[in-house]
>>> print(open('structure35.tsv').read())   # TSV, C-alpha atoms
chain	number	residue	atom	x	y	z
A	230	MET	CA	12.02	-60.84	-80.21
A	231	LYS	CA	11.02	-58.86	-83.26
A	232	GLN	CA	7.60	-58.58	-81.85
A	233	HIS	CA	9.04	-57.18	-78.65
A	234	LYS	CA	11.00	-54.54	-80.54
A	235	TYR	CA	7.95	-53.71	-82.59
A	236	ARG	CA	5.91	-53.13	-79.41
A	237	LYS	CA	8.54	-50.86	-77.96
A	238	TYR	CA	8.67	-48.91	-81.19
A	239	LEU	CA	4.88	-48.63	-81.17
A	240	GLN	CA	4.81	-47.44	-77.55
A	241	LEU	CA	7.45	-44.84	-78.27
A	242	LEU	CA	5.54	-43.59	-81.28
A	243	CYS	CA	2.28	-43.34	-79.27
A	244	SER	CA	4.03	-41.44	-76.51
A	245	LEU	CA	5.48	-38.96	-78.99
A	246	LEU	CA	2.09	-38.43	-80.62
A	247	LEU	CA	0.48	-37.82	-77.24
A	248	LEU	CA	3.18	-35.34	-76.27
A	249	LEU	CA	2.84	-33.52	-79.59
A	250	THR	CA	-0.94	-33.33	-79.20
A	251	LEU	CA	-0.66	-31.91	-75.68
A	252	THR	CA	1.91	-29.35	-76.76
A	253	ILE	CA	-0.25	-28.10	-79.59
A	254	SER	CA	-3.47	-28.01	-77.58
A	255	LEU	CA	-2.12	-26.11	-74.54
A	256	PRO	CA	-1.81	-22.33	-74.91
A	257	ALA	CA	1.71	-20.95	-74.80
A	258	PRO	CA	2.54	-18.04	-72.45
A	259	VAL	CA	2.92	-14.66	-74.07
A	260	ALA	CA	6.51	-13.48	-74.19
A	261	LYS	CA	7.49	-9.93	-73.30
A	262	ALA	CA	10.06	-8.37	-75.48
A	263	ASN	CA	10.20	-4.89	-73.90
A	264	ILE	CA	13.52	-4.82	-72.04
A	265	PHE	CA	13.27	-1.13	-71.16
A	266	SER	CA	10.06	-1.58	-69.15
A	267	ASP	CA	11.73	-4.48	-67.29
A	268	ILE	CA	14.71	-2.27	-66.41
A	269	TYR	CA	12.39	0.58	-65.38
A	270	ASN	CA	10.32	-1.75	-63.17
A	271	GLY	CA	13.53	-3.13	-61.61
A	272	PHE	CA	14.81	0.39	-60.79
A	273	LYS	CA	11.41	1.37	-59.49
A	274	SER	CA	11.20	-1.62	-57.11
A	275	PHE	CA	14.85	-1.03	-56.09
A	276	SER	CA	14.12	2.63	-55.30
A	277	GLU	CA	11.12	1.62	-53.16
A	278	LEU	CA	13.26	-0.66	-50.95
A	279	PRO	CA	14.50	2.13	-48.59
A	280	ASN	CA	10.89	3.14	-47.89
A	281	GLU	CA	10.02	-0.43	-47.07
A	282	VAL	CA	13.08	-0.70	-44.83
A	283	ASN	CA	12.08	2.52	-43.04
A	284	GLU	CA	8.56	1.19	-42.56
A	285	LEU	CA	9.98	-2.03	-41.15
A	286	LYS	CA	12.24	-0.04	-38.79
A	287	GLU	CA	9.29	2.04	-37.59
A	288	GLY	CA	7.23	-1.10	-37.07
A	289	PHE	CA	10.09	-2.65	-35.13
A	290	GLN	CA	10.48	0.47	-32.95
A	291	GLN	CA	6.74	0.56	-32.28
A	292	THR	CA	6.76	-3.13	-31.37
A	293	ALA	CA	9.80	-2.56	-29.11
A	294	GLU	CA	7.98	0.32	-27.37
A	295	GLU	CA	4.87	-1.82	-26.90
A	296	LEU	CA	7.03	-4.59	-25.48
A	297	GLN	CA	8.65	-2.15	-23.05
A	298	GLN	CA	5.21	-0.88	-21.98
A	299	ALA	CA	4.06	-4.45	-21.44
A	300	LYS	CA	7.19	-5.14	-19.36
A	301	ASP	CA	6.51	-2.01	-17.28
A	302	LYS	CA	2.91	-3.06	-16.73
A	303	LEU	CA	4.06	-6.53	-15.75
A	304	THR	CA	6.56	-5.07	-13.28
A	305	ASN	CA	3.89	-2.80	-11.78
A	306	THR	CA	1.44	-5.68	-11.55
A	307	THR	CA	4.07	-7.87	-9.90
A	308	GLN	CA	4.82	-5.14	-7.35
A	309	GLU	CA	1.12	-4.66	-6.64
A	310	MET	CA	0.67	-8.39	-6.21
A	311	GLU	CA	3.58	-8.48	-3.75
A	312	ALA	CA	2.07	-5.55	-1.82
A	313	TYR	CA	-1.30	-7.33	-1.71
A	314	ARG	CA	0.37	-10.53	-0.59
A	315	THR	CA	2.18	-8.70	2.22
A	316	GLN	CA	-1.02	-6.93	3.24
A	317	ASN	CA	-2.92	-10.22	3.15
A	318	GLU	CA	-0.34	-11.88	5.39
A	319	ALA	CA	-0.56	-8.98	7.87
A	320	LEU	CA	-4.37	-9.21	7.86
A	321	GLN	CA	-4.21	-12.97	8.40
A	322	GLU	CA	-1.90	-12.47	11.38
A	323	GLN	CA	-4.22	-9.79	12.78
A	324	ASN	CA	-7.20	-12.10	12.25
A	325	ARG	CA	-5.38	-14.89	14.08
A	326	GLN	CA	-4.64	-12.56	17.01
A	327	LEU	CA	-8.25	-11.37	17.13
A	328	THR	CA	-9.51	-14.95	17.07
A	329	GLN	CA	-7.15	-15.81	19.91
A	330	MET	CA	-8.36	-12.78	21.90
A	331	VAL	CA	-12.01	-13.72	21.34
A	332	ASP	CA	-11.28	-17.27	22.51
A	333	GLU	CA	-9.57	-15.93	25.64
A	334	LEU	CA	-12.52	-13.62	26.36
A	335	GLN	CA	-14.97	-16.50	25.93
A	336	ASN	CA	-12.89	-18.66	28.27
A	337	ASP	CA	-12.80	-15.84	30.85
A	338	ARG	CA	-16.56	-15.40	30.57
A	339	SER	CA	-17.14	-19.14	30.98
A	340	ALA	CA	-14.86	-19.21	34.03
A	341	ARG	CA	-16.64	-16.18	35.55
A	342	GLU	CA	-20.08	-17.73	34.97
A	343	GLU	CA	-18.88	-20.98	36.53
A	344	TYR	CA	-17.54	-19.06	39.55
A	345	TYR	CA	-20.87	-17.20	39.97
A	346	HIS	CA	-22.71	-20.51	39.72
A	347	LYS	CA	-20.54	-21.99	42.48
A	348	ILE	CA	-21.18	-18.94	44.67
A	349	LYS	CA	-24.95	-19.24	44.13
A	350	VAL	CA	-24.87	-22.94	44.98
A	351	THR	CA	-22.82	-22.21	48.11
A	352	ILE	CA	-25.19	-19.42	49.23
A	353	PHE	CA	-28.33	-21.51	48.62
A	354	THR	CA	-26.74	-24.48	50.37
A	355	GLY	CA	-25.83	-22.27	53.36
A	356	ILE	CA	-29.36	-20.81	53.53
A	357	GLY	CA	-30.79	-24.32	53.23
A	358	LEU	CA	-28.55	-25.59	56.04
A	359	ILE	CA	-29.48	-22.68	58.30
A	360	LEU	CA	-33.21	-23.15	57.60
A	361	GLY	CA	-32.82	-26.89	58.04
A	362	TYR	CA	-31.09	-26.32	61.37
A	363	PHE	CA	-33.87	-24.07	62.68
A	364	ILE	CA	-36.56	-26.43	61.42
A	365	LEU	CA	-34.80	-29.44	62.95
A	366	ILE	CA	-34.43	-27.61	66.25
A	367	ARG	CA	-38.15	-26.74	66.18
A	368	ILE	CA	-39.07	-30.35	65.44
A	369	ILE	CA	-36.84	-31.60	68.24
A	370	ARG	CA	-38.31	-29.05	70.69
A	371	PHE	CA	-41.81	-29.89	69.58
A	372	SER	CA	-41.18	-33.61	69.98
A	373	MET	CA	-39.56	-33.06	73.39
A	374	LEU	CA	-42.44	-30.87	74.47
A	375	HIS	CA	-44.89	-33.45	73.23
A	376	ARG	CA	-43.07	-36.23	75.14
A	377	SER	CA	-42.88	-34.19	78.26
A	378	ARG	CA	-46.63	-33.58	78.15
A	379	LYS	CA	-47.24	-37.28	77.69
A	380	GLY	CA	-44.96	-37.99	80.59
A	381	ASP	CA	-46.75	-35.45	82.78
A	382	ARG	CA	-50.05	-37.03	81.99
A	383	LEU	CA	-48.79	-40.42	82.95
A	384	ARG	CA	-47.73	-39.28	86.31
>>> encode(input="structure35.tsv", output="structure tokens")
Amino acid sequence: MKQHKYRKYLQLLCSLLLLLTLTISLPAPVAKANIFSDIYNGFKSFSELPNEVNELKEGFQQTAEELQQAKDKLTNTTQEMEAYRTQNEALQEQNRQLTQMVDELQNDRSAREEYYHKIKVTIFTGIGLILGYFILIRIIRFSMLHRSRKGDRLR
């Protein structure tokens, strides 16, 4: 037990010596003893506070004005975007109507071409039938004439 107390005493003594050595080796800060310069510096910094407050107020007002300008620009931009959106919708509707009109014109043209094609086919068919009729009549007459000549020769 004595040995335990002796160790504690030795540790305490070493710690104190280390603390004393550190205290002596580290430089101590220089103390200021001029109270009048401290008071003067305090009054000086206190008197400069209103200027700083005024600068802060001016900065705040400038920032508020910039914010208002940004809000105005945002409002104008929003209005322009709405106008463009409205104009775009109108143009899309106009484009849809024009597309519909073009489709109708193409359908009318196709119908007209189909009608003309039917008329051509009908005319050519009629001409073919008429020519066929005359040719058939000629063939029949020729064959009848040829038979009648054969029959006359046989008699």
>>> atom_distance(input="structure35.tsv", atom1="CA of Gln297 (chain A)", atom2="CA of Met310 (chain A)")
19.7 Å
>>> axis_aligned_box(input="structure35.tsv", around="region 309-325 of chain A", padding_each_side="5 Å", output="AutoDock Vina command-line options")
--center_x -1.8 --center_y -9.8 --center_z 3.7 --size_x 20.8 --size_y 20.2 --size_z 30.7
>>> atom_distance(input="structure35.tsv", atom1="CA of Gly288 (chain A)", atom2="CA of Asp301 (chain A)")
19.8 Å
>>> atom_distance(input="structure35.tsv", atom1="CA of Thr354 (chain A)", atom2="CA of Arg370 (chain A)")
23.8 Å
>>> build_atoms(input="structure35.tsv", residues="region 302-324 of chain A", atoms="N, CA and C atoms", output="short mmCIF file (atom, residue, chain, number, x, y, z; two decimals), in the frame of the given file")
data_model
loop_
_atom_site.label_atom_id
_atom_site.label_comp_id
_atom_site.auth_asym_id
_atom_site.auth_seq_id
_atom_site.Cartn_x
_atom_site.Cartn_y
_atom_site.Cartn_z
N LYS A 302 4.18 -2.67 -17.34
CA LYS A 302 2.91 -3.06 -16.73
C LYS A 302 3.07 -4.33 -15.92
N LEU A 303 3.83 -5.28 -16.46
CA LEU A 303 4.06 -6.53 -15.75
C LEU A 303 4.81 -6.28 -14.45
N THR A 304 5.81 -5.40 -14.49
CA THR A 304 6.56 -5.07 -13.28
C THR A 304 5.64 -4.42 -12.25
N ASN A 305 4.81 -3.47 -12.70
CA ASN A 305 3.89 -2.80 -11.78
C ASN A 305 2.90 -3.80 -11.19
N THR A 306 2.40 -4.68 -12.03
CA THR A 306 1.44 -5.68 -11.55
C THR A 306 2.11 -6.62 -10.55
N THR A 307 3.33 -6.99 -10.82
CA THR A 307 4.07 -7.87 -9.90
C THR A 307 4.28 -7.17 -8.56
N GLN A 308 4.63 -5.89 -8.60
CA GLN A 308 4.82 -5.14 -7.35
C GLN A 308 3.51 -5.01 -6.59
N GLU A 309 2.42 -4.75 -7.30
CA GLU A 309 1.12 -4.66 -6.64
C GLU A 309 0.72 -5.99 -6.02
N MET A 310 0.99 -7.08 -6.75
CA MET A 310 0.67 -8.39 -6.21
C MET A 310 1.48 -8.67 -4.94
N GLU A 311 2.73 -8.28 -4.93
CA GLU A 311 3.58 -8.48 -3.75
C GLU A 311 3.05 -7.65 -2.59
N ALA A 312 2.64 -6.41 -2.87
CA ALA A 312 2.07 -5.55 -1.82
C ALA A 312 0.78 -6.17 -1.27
N TYR A 313 -0.07 -6.68 -2.17
CA TYR A 313 -1.30 -7.33 -1.71
C TYR A 313 -1.00 -8.58 -0.90
N ARG A 314 0.00 -9.33 -1.33
CA ARG A 314 0.37 -10.53 -0.59
C ARG A 314 0.85 -10.17 0.82
N THR A 315 1.68 -9.14 0.92
CA THR A 315 2.18 -8.70 2.22
C THR A 315 1.02 -8.22 3.10
N GLN A 316 0.14 -7.43 2.50
CA GLN A 316 -1.02 -6.93 3.24
C GLN A 316 -1.92 -8.08 3.68
N ASN A 317 -2.10 -9.06 2.82
CA ASN A 317 -2.92 -10.22 3.15
C ASN A 317 -2.31 -11.01 4.31
N GLU A 318 -1.00 -11.18 4.29
CA GLU A 318 -0.34 -11.88 5.39
C GLU A 318 -0.51 -11.13 6.70
N ALA A 319 -0.38 -9.79 6.66
CA ALA A 319 -0.56 -8.98 7.87
C ALA A 319 -2.00 -9.10 8.38
N LEU A 320 -2.97 -9.07 7.46
CA LEU A 320 -4.37 -9.21 7.86
C LEU A 320 -4.66 -10.60 8.43
N GLN A 321 -4.03 -11.62 7.87
CA GLN A 321 -4.21 -12.97 8.40
C GLN A 321 -3.65 -13.08 9.81
N GLU A 322 -2.50 -12.46 10.04
CA GLU A 322 -1.90 -12.47 11.38
C GLU A 322 -2.80 -11.71 12.36
N GLN A 323 -3.32 -10.57 11.93
CA GLN A 323 -4.22 -9.79 12.78
C GLN A 323 -5.49 -10.59 13.07
N ASN A 324 -6.01 -11.27 12.07
CA ASN A 324 -7.20 -12.10 12.25
C ASN A 324 -6.93 -13.23 13.24
#
